[in-house]
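To start, the structure itself, in structure tokens.
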Protein chains: 6
Amino acid sequence: MKIKVIIPNSSITFRESQVEQRKKAASPGVLVDIVSLPCGPESIESAYDEALAAPYIINEVAKAAKEDYDAVTLDCAIDTVVRAARETVKIPVISAGEASHLLALGLCRKYSIITVLHSTAEAIIENLNKAGLSNRIASVRVAKIPVLELDNNEMVFDKICLQANLAIREDGAQAIVLGCTGMFWAAERLKRELGIPVIDPGAAAVKLAEVYVSMGLSSSSIAYGRHDSLGEPLST
Amino acid sequence: MKIKVIIPNSSITFRESQVEQRKKAASPGVLVDIVSLPCGPESIESAYDEALAAPYIINEVAKAAKEDYDAVTLDCAIDTVVRAARETVKIPVISAGEASHLLALGLCRKYSIITVLHSTAEAIIENLNKAGLSNRIASVRVAKIPVLELDNNEMVFDKICLQANLAIREDGAQAIVLGCTGMFWAAERLKRELGIPVIDPGAAAVKLAEVYVSMGLSSSSIAYGRHDSLGEPLST
Amino acid sequence: MKIKVIIPNSSITFRESQVEQRKKAASPGVLVDIVSLPCGPESIESAYDEALAAPYIINEVAKAAKEDYDAVTLDCAIDTVVRAARETVKIPVISAGEASHLLALGLCRKYSIITVLHSTAEAIIENLNKAGLSNRIASVRVAKIPVLELDNNEMVFDKICLQANLAIREDGAQAIVLGCTGMFWAAERLKRELGIPVIDPGAAAVKLAEVYVSMGLSSSSIAYGRHDSLGEPLST
Amino acid sequence: MKIKVIIPNSSITFRESQVEQRKKAASPGVLVDIVSLPCGPESIESAYDEALAAPYIINEVAKAAKEDYDAVTLDCAIDTVVRAARETVKIPVISAGEASHLLALGLCRKYSIITVLHSTAEAIIENLNKAGLSNRIASVRVAKIPVLELDNNEMVFDKICLQANLAIREDGAQAIVLGCTGMFWAAERLKRELGIPVIDPGAAAVKLAEVYVSMGLSSSSIAYGRHDSLGEPLST
Amino acid sequence: MKIKVIIPNSSITFRESQVEQRKKAASPGVLVDIVSLPCGPESIESAYDEALAAPYIINEVAKAAKEDYDAVTLDCAIDTVVRAARETVKIPVISAGEASHLLALGLCRKYSIITVLHSTAEAIIENLNKAGLSNRIASVRVAKIPVLELDNNEMVFDKICLQANLAIREDGAQAIVLGCTGMFWAAERLKRELGIPVIDPGAAAVKLAEVYVSMGLSSSSIAYGRHDSLGEPLST
Amino acid sequence: MKIKVIIPNSSITFRESQVEQRKKAASPGVLVDIVSLPCGPESIESAYDEALAAPYIINEVAKAAKEDYDAVTLDCAIDTVVRAARETVKIPVISAGEASHLLALGLCRKYSIITVLHSTAEAIIENLNKAGLSNRIASVRVAKIPVLELDNNEMVFDKICLQANLAIREDGAQAIVLGCTGMFWAAERLKRELGIPVIDPGAAAVKLAEVYVSMGLSSSSIAYGRHDSLGEPLST
């Protein structure tokens, strides 16, 4: 099985900091390639960034099918251009934010998302409303750290941990979803300190990609195809 | 008052077919300019189209503020990149789909949208779920006509009218929202034949733009600003 | 265009304090007449007041059609007898509360209403639940000021401003809707101090009345008519 | 225990046709008085009717407390002026529509309401939305019979029974609520023929009135009082 | 009329502390028998307890029909095995939790439940979500008292009263539902001290049982029967 | 990794018909043991069956932890006793129904469930309401086949396929979830014939069990623990 992880930004440093973790998430025998964009925004922190990155992401998705990948993950917790990506290829497209929500739903009644910025929180809330899942959310909280400053250090960990603790004590969170793929390094330690499940969205996407591929399942052509179009079908 | 109507596709013919109607929608003394995109998809019929058009739309929005427009309308019933546009400029950004829904809410308890294709129906339903308005929708119905074949003729009118009638009789629609700006020419005749309100989204957007400008209101900076960003503020 | 603004109470002083503002809200060339009730409650602060005022309001609405008005606004933020009024006449009936909610929906994801009393808050919440809009509300807050003491002074402004600030900081409000038409004078100053949109319901109703009249739209006869009645149709 | 049943219309014939059934609904030792309005609409079939009847209903409610009744029922399936009535008196006010919904909720997952006219259906749907109960409704169906023609005869029964059967077969109804108090005579026979629960709203109100009185419970003063008013408390 | 109250635990002491109150709740002429389980958990404080008690409860329900009872109440605020019980017998099965919610809905817009433990709170919230009633709930609060320590004393009363007060002041509760039948003794005093309705679930179940029996109503066979089964019908 | 699949009925034949498929669902290196109950109902087709089987299921779950399994799946599409099972052990408990819903959510906007009987449909609908997922459901349809007659033959396939086709054409389903684990053999063929995703719940549970174990995640102790209990912690 071959999975293509698309990081939807153009930061080489950010990509390098993620590669090992995504490969580690894969099961034995599963090949994972991690790519980022040739140009476009250095990070996705707003709908403005999403709009500028959109064509480059779709291009990487379209190439994935020709490159014989079995699945694509969009490695972003705000689920950027997921509908467009599913319209583009027939192979499964798993988005990190959505994948982390689906796994959280199976572990508790209410969970909170800890994200980086107010603008990403807005995007996540819109996605949850769109998905009809907001009734399962305790809160979406903001750690106030730009994506490219998400280094593995005490200060950053403390900001994330503070919001997670507030989510549990004040909002009724029973599990935590990390609201940015760049926070992956905090998941394990946070889980130990809080005593409840903490979900890393990038890993969640890789795992669900494996599940869908092994079960022979992909996006519904009724939901994402252009099946009433008179023209040519989309590539792949 | 100066309003910029941005048609988010690159079809010159389509733009020409719309100009007169948008100008007619404006109140006396309100200047309306209608632009389309220099390149990108010829029509917006899917999320795939939206992704490819996104940067060009945002560019037109960003320019609008520098060109001293008082408001922008995004002339598309599937509300493409509206969040990104509102993050980009401080002037009001009114999207045709959203504007038509807001006006419909004031005229009835339940309404239906008649749109062009299955893929635009999916996009509209996602927008309504995101907005929390799906409980006010009787149905979203598809006339099965590509955007660029929406000519003002009997066959096209009949397809739209058939779906509108079904929406009333089978789904409980009490008003009709046209789910594509290119259907504008059918609004008046449809209203007469059905005896209930029919809303043209392109005109709705122009009228609401006038309202917001005259009341001195624009998008909330908390909802759409990047107010916790450490960098520079967005243009205008 | 001629619009009749019906203030649904019998206080002459209150009416006088409102006249100028409603006329100012109208576009050039639009005639606005502001009437109040010949008798009934001096203010609408509860469902009890609404019940006692109901027949007098309906009478003013019924007269409006005979007086050749193009639209009626019910100048009350708790949307009193709006269904009955729409059953009574064919011209558009715009209610100040509903109008302010529709405009707020186009400016943000979540907003708060600042109203006068606990009892008007209950009425507004019921209206929002009825309209299916409660998922877009951050909170409904009470300034604890009777309608007839809503004078333009510092103490009243401070009470409103305090609640608006709490709505933003504690409830997540991204815009403010004034929950009483008598608060109109605070809108502009509040907007400047808070830095987010503040909506005056009385002006909102006048502006939406203009929109509906200019677009040739009125209440759906299916939603508000008695179209399956065997008797006579309602007046006008 | 003394219960006052207020029929919110002025038809003497209608009142006479109801008296025996309401008395029969009462438990041994419970005194039930049935009154109608001295003037106002002959039937409540629309929000227009409700508006005109409102002050007369409130007057009867206010008198009930002085007349030493232990509870009031508003004998109408569209729950007219129930909020105002609860603000007026401290004794329990039970509304026939609401009472029938509460009893139905305890018997099934989804039920349908069969009402008289399209306009009463609209009113009932608004009430259910306001109460947050619409997710428990299979459908609201219209028998197309004016209230004052609801005589106990085969033709009327057949119209009601037809809609109830459609509600079961096409809408998934698991129980039936009669959507007009004047349909009471059909309840027992309908239950036998359909094999599922059928609820008479007028009787439901009397029974719940007995329950609340015997448990010493009445409307919440926080929900229905004007507890932050500076003026006089409401009567009783 | 004969009602069987089934306390779904095996504690003899707990049963004895409840008997008098349930008999007092019944109307004159109504016979009430209170039974508990021959074995199984001593109290129902979790889904684990519910699972272990389930067959014993169903056995008592099945016997009730053969013993000629007119109705059964399941005397537990977390509505244990109510669906299974309704599938088992044709007579009405009223569950204390559900009954208390239905009565609360008729007294206010929003209410809170004060229950014993975090685990019973989870169960109650799930029931309210399942019933579609969560939009009418201000909060579910936990007094942190195991069921078998719910003695009528000051310390226990203070814990319940504290949470009820917080529910009113911080959560917007307009009425209180006791979230454990063992709290019955606190209802009357709590109502006096808080000034709003307080509902005892055990009594609520007895009263609603009387209502359903006297109206000739029982659980819908479509909702709870196995009417498409090819095998034998369930007992009674 | 060792996973224990608990089939919550006592039919030896049914268990034998399932074993191979569950083992096939597991990834290389994952050991899967399939057990059924020593006694209790032969199939789970109603809440009545669930109540009788409950203690035996919980016993098998409790043993699983002592037997050093890494996860348990409850092999039933109606998610029987899942809350109780999660309270019982610290290892992940995955329920087949819930697992199939979570995977479906990632493939489409709306899906339908095809289940065996009306009574299992009711159970599934309650679970979806409880989980807040009903807005993502196109329909729950009934094939009218008892669980123990779910043999792999044309007649049974045709009944399932008919309902799936109706779900697509009349209800808007974009994917199908099989509403009984015994239908597993139909999944692959149905997917080919319908052209959309079809999810086998038993396999879905095994795959999600693998995901949670490999990510080190289990049920939230806040959601399912009895963390405010004064007594001993639950086993394992």
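Each chain in the structure tokens gets a letter, A, B, ..., in the order shown, and its residues are numbered from 1; ligands are numbered from 1 in order too.
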
Identify, on the basis of only C-alpha atoms, every residue whose closest approach to Asp171 of chain A does not exceed 8 Å; exclude the query and any residue fewer than 4 positions from it along the same chain; express the result as a list of chain:residue names. A:Ala138, A:Ser139, A:Leu166, A:Ala167

Give me every helix (DSSP H, G or I) residue in segment 27-213 of chain F, going by DSSP on the backbone, as a ChimeraX atom specification. /F:47-66,82-88,96-105,118-130,134-136,147-149,154-171,181-194,201-213

What are the residues of chain C that have an atom within 10 Å of an atom of chain D, counting only C-alpha atoms, as a PyMOL selection string? chain C and resi 45-59+80-88+117-120+122-123+125-132+142+144-146+222-231+234

Contacts of Gly216 of chain D at 10 Å (only C-alpha atoms; same-chain gap of 2+ positions) as a compact mmCIF listing (two decimals) with N, CA, C and O atoms, in the first residue's frame:
# COMPACT_ATOMS: atom_id res chain seq x y z
N ASP D 70 -58.06 26.32 40.47
CA ASP D 70 -56.71 25.80 40.79
C ASP D 70 -55.84 25.75 39.55
O ASP D 70 -54.61 25.67 39.65
N ILE D 91 -51.44 30.49 38.99
CA ILE D 91 -51.91 29.11 38.91
C ILE D 91 -51.45 28.48 37.59
O ILE D 91 -51.13 29.20 36.63
N PRO D 92 -51.38 27.15 37.53
CA PRO D 92 -50.93 26.50 36.30
C PRO D 92 -51.84 26.84 35.11
O PRO D 92 -53.07 26.85 35.25
N GLU D 210 -54.72 18.43 36.20
CA GLU D 210 -54.87 17.67 37.45
C GLU D 210 -53.51 17.26 38.03
O GLU D 210 -53.28 17.35 39.23
N VAL D 211 -52.64 16.80 37.15
CA VAL D 211 -51.30 16.36 37.60
C VAL D 211 -50.55 17.51 38.26
O VAL D 211 -50.03 17.39 39.38
N TYR D 212 -50.49 18.66 37.57
CA TYR D 212 -49.72 19.78 38.11
C TYR D 212 -50.31 20.26 39.44
O TYR D 212 -49.59 20.54 40.39
N VAL D 213 -51.65 20.35 39.49
CA VAL D 213 -52.27 20.81 40.73
C VAL D 213 -51.98 19.82 41.86
O VAL D 213 -51.57 20.22 42.96
N SER D 214 -52.13 18.54 41.59
CA SER D 214 -51.93 17.57 42.68
C SER D 214 -50.46 17.51 43.11
O SER D 214 -50.17 17.13 44.24
N SER D 218 -46.53 24.79 39.33
CA SER D 218 -47.07 25.76 38.37
C SER D 218 -45.92 26.33 37.53
O SER D 218 -44.75 26.04 37.77
N GLU E 188 -40.06 19.21 47.91
CA GLU E 188 -40.96 20.25 48.44
C GLU E 188 -40.17 21.40 49.06
O GLU E 188 -40.43 22.57 48.79
N LYS E 191 -38.34 23.44 46.42
CA LYS E 191 -39.27 24.31 45.70
C LYS E 191 -39.52 25.59 46.51
O LYS E 191 -39.50 26.70 45.96
N PRO E 197 -40.40 25.64 40.14
CA PRO E 197 -40.85 24.24 40.20
C PRO E 197 -39.69 23.27 40.40
O PRO E 197 -38.62 23.44 39.82
N VAL E 198 -39.92 22.26 41.23
CA VAL E 198 -38.97 21.17 41.45
C VAL E 198 -39.75 19.86 41.29
O VAL E 198 -40.78 19.68 41.93
N ILE E 199 -39.25 18.99 40.42
CA ILE E 199 -40.03 17.80 40.07
C ILE E 199 -39.37 16.53 40.59
O ILE E 199 -38.19 16.28 40.34

Find, counting only C-alpha atoms, the residue in E:Ile78, E:Ile176, E:Cys39, E:Leu102 that gets nearest to Lys207 of chain E.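 Ranked by minimum distance to Lys207 of chain E, first place goes to E:Leu102.
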
Please list as a PyMOL selection string every residue within 7 Å of Leu74 of chain D, counting only C-alpha atoms and excluding residues in the same chain fewer than 6 positions away. chain D and resi 5-7+94-96

Among segment 6-203 of chain B, which residues does DSSP mark as strand (DSSP E) when it is run on the backbone? Keep the chain and numbering as in the structure and answer as a PyMOL selection string. chain B and resi 6+31-35+71-74+93-95+111-115+137-142+176-178+198-199

Distance query Cys108 of chain D at most 8 Å, only C-alpha atoms, self and fewer than 3 positions along chain excluded, as a ChimeraX atom specification: /D:104-105,111,174-175 /E:219-220,223-224
